[in-house]
Amino acid sequence: MQHKGFTLWFTGLSGAGKTTIGNMIMERLQNAGAKVEILDGDVVRTNLSVGLGFSKEDRDTNVRRIGFVSELLARNGVICIVAAISPYKAIRDEIREKHENFVEVFASCELDALIERDVKGLYKMALEGRIENFTGVSDPYEPPTDPEIMFRSDKETPEGSAEMVWNRLVELELISP
Ligand code: ADP
């Protein structure tokens, strides 16, 4: 397949589907022979950003680091998938500015559905006050105002959302399968 180097940046609340859809897209790209990497927020926090916490300052540092690495990869022709809550719009926009090709994907889901789903058991803990600064419960999340792509994991199947993301990348002429 032909493709450009670009960053596919998933933003959204915990459990909204960033990793699920990011991995589905990654697998499909790999099967098509593309050069692709994924930077998953949960994984990055155990290496690249080990030691950082969840204050605004630490979150910004974490997201900027991810943005720095993703731009290096994208600049070199790699498709870099990022799955990170990245709650602050200004930082996402700052990273967008540094990129030649940046695609923001908003993983959207009603809070009620996330609490019900609670994939990692974190919402229960956050609501009981056992985790502080939890995005969407006790910490801010600023949704994108004009994302290239948006999906609704409370209304769509993972396969449907992934297909939509894929088709949009074709439409944007970033990949040509
Ligand atoms: P995040 O990476 O945003 O924290 P995850 O991908 O770990 O979220 O979890 C999302 C959960 O939502 C998974 O259990 C997934 O199966 C489920 N889900 C249901 N519908 C969708 C959809 N349309 N897109 C993505 N995930 C979905």
# chains A, B, ... in the order shown; residues from 1 in each chain; ligands from 1
$ residues_around --residues "Arg92 (chain A)" --least-positions-apart "2" --cutoff "10 Å" --atoms "only C-alpha atoms" --output "list in words"
Trp9, Thr11, Asp60, Val63, Arg64, Gly67, Ser86, Pro87, Tyr88, Lys89, Ala90, Glu94, Ile95, Arg96, Glu97, Glu104 and Pro144 of chain A
$ write_last_selection --atoms "C-alpha atoms" --output "mmCIF file, in the first residue's frame"
data_model
loop_
_atom_site.group_PDB
_atom_site.id
_atom_site.type_symbol
_atom_site.label_atom_id
_atom_site.label_comp_id
_atom_site.auth_asym_id
_atom_site.auth_seq_id
_atom_site.Cartn_x
_atom_site.Cartn_y
_atom_site.Cartn_z
ATOM 1 C CA TRP A 9 -4.084 11.026 17.318
ATOM 2 C CA THR A 11 -8.144 11.678 22.207
ATOM 3 C CA ASP A 60 1.131 18.397 29.591
ATOM 4 C CA VAL A 63 1.416 14.626 26.031
ATOM 5 C CA ARG A 64 4.183 16.876 24.676
ATOM 6 C CA GLY A 67 3.773 14.548 20.392
ATOM 7 C CA SER A 86 -4.687 14.232 26.068
ATOM 8 C CA PRO A 87 -7.326 16.324 27.855
ATOM 9 C CA TYR A 88 -6.156 19.835 26.998
ATOM 10 C CA LYS A 89 -7.016 21.328 23.626
ATOM 11 C CA ALA A 90 -4.181 23.855 23.644
ATOM 12 C CA GLU A 94 0.384 22.885 19.742
ATOM 13 C CA ILE A 95 1.347 19.368 18.607
ATOM 14 C CA ARG A 96 -0.828 19.696 15.497
ATOM 15 C CA GLU A 97 1.051 22.874 14.565
ATOM 16 C CA GLU A 104 -7.216 14.085 15.315
ATOM 17 C CA PRO A 144 -11.834 18.785 20.163
#
$ residues_near_ligand --ligand "ligand 1" --cutoff "8 Å" --atoms "only C-alpha atoms and all ligand atoms" --output "number ranges by chain"
A: 11-22, 40, 83-85, 107, 117, 119-120, 151-162
$ closest_residue --among "A:Leu114, A:Ile175, A:Val36, A:Ile131" --to "Ala74 (chain A)" --atoms "only C-alpha atoms"
A:Val36
$ select_by_dssp --residues "region 23-83 of chain A" --states "alpha helix (DSSP H)" --output "ChimeraX atom specification"
/A:23-31,41-44,56-75
$ select_by_dssp --residues "region 58-143 of chain A" --states "strand (DSSP E or B)" --output "list in words"
Ile79, Cys80, Ile81, Val82, Ala83, Phe102, Val103, Glu104, Val105, Phe106, Ala107, Ser108, Thr135 and Asp139 of chain A
$ write_last_selection --atoms "N, CA, C and O atoms" --output "short mmCIF file (atom, residue, chain, number, x, y, z; two decimals), in the first residue's frame"
data_model
loop_
_atom_site.label_atom_id
_atom_site.label_comp_id
_atom_site.auth_asym_id
_atom_site.auth_seq_id
_atom_site.Cartn_x
_atom_site.Cartn_y
_atom_site.Cartn_z
N ILE A 79 3.51 5.82 9.92
CA ILE A 79 2.19 6.18 10.46
C ILE A 79 2.28 5.97 11.96
O ILE A 79 2.54 4.87 12.43
N CYS A 80 2.10 7.03 12.72
CA CYS A 80 2.19 6.93 14.17
C CYS A 80 0.79 7.08 14.77
O CYS A 80 0.16 8.12 14.63
N ILE A 81 0.34 6.02 15.41
CA ILE A 81 -0.96 6.06 16.06
C ILE A 81 -0.74 6.40 17.53
O ILE A 81 0.10 5.79 18.19
N VAL A 82 -1.46 7.38 18.02
CA VAL A 82 -1.35 7.77 19.42
C VAL A 82 -2.72 7.54 20.07
O VAL A 82 -3.75 7.92 19.52
N ALA A 83 -2.70 6.88 21.22
CA ALA A 83 -3.93 6.70 21.99
C ALA A 83 -3.65 7.26 23.38
O ALA A 83 -3.01 6.61 24.20
N PHE A 102 -1.45 15.74 10.47
CA PHE A 102 -1.96 15.40 11.79
C PHE A 102 -3.46 15.15 11.69
O PHE A 102 -4.20 15.98 11.18
N VAL A 103 -3.87 13.98 12.16
CA VAL A 103 -5.29 13.64 12.09
C VAL A 103 -5.78 13.38 13.52
O VAL A 103 -5.33 12.46 14.19
N GLU A 104 -6.69 14.22 13.96
CA GLU A 104 -7.22 14.08 15.32
C GLU A 104 -8.51 13.26 15.28
O GLU A 104 -9.41 13.56 14.49
N VAL A 105 -8.53 12.23 16.10
CA VAL A 105 -9.73 11.39 16.18
C VAL A 105 -10.33 11.53 17.57
O VAL A 105 -9.67 11.20 18.57
N PHE A 106 -11.55 11.97 17.64
CA PHE A 106 -12.22 12.12 18.92
C PHE A 106 -13.01 10.84 19.23
O PHE A 106 -13.99 10.53 18.55
N ALA A 107 -12.52 10.10 20.24
CA ALA A 107 -13.25 8.93 20.72
C ALA A 107 -14.29 9.43 21.71
O ALA A 107 -13.96 9.80 22.83
N SER A 108 -15.53 9.47 21.26
CA SER A 108 -16.58 10.09 22.06
C SER A 108 -17.50 9.05 22.69
O SER A 108 -17.81 8.03 22.06
N THR A 135 -9.83 12.14 34.91
CA THR A 135 -10.43 12.87 33.79
C THR A 135 -11.90 12.50 33.60
O THR A 135 -12.25 11.32 33.53
N ASP A 139 -11.45 15.83 36.99
CA ASP A 139 -10.42 16.55 36.28
C ASP A 139 -11.00 16.90 34.90
O ASP A 139 -11.85 16.17 34.40
#
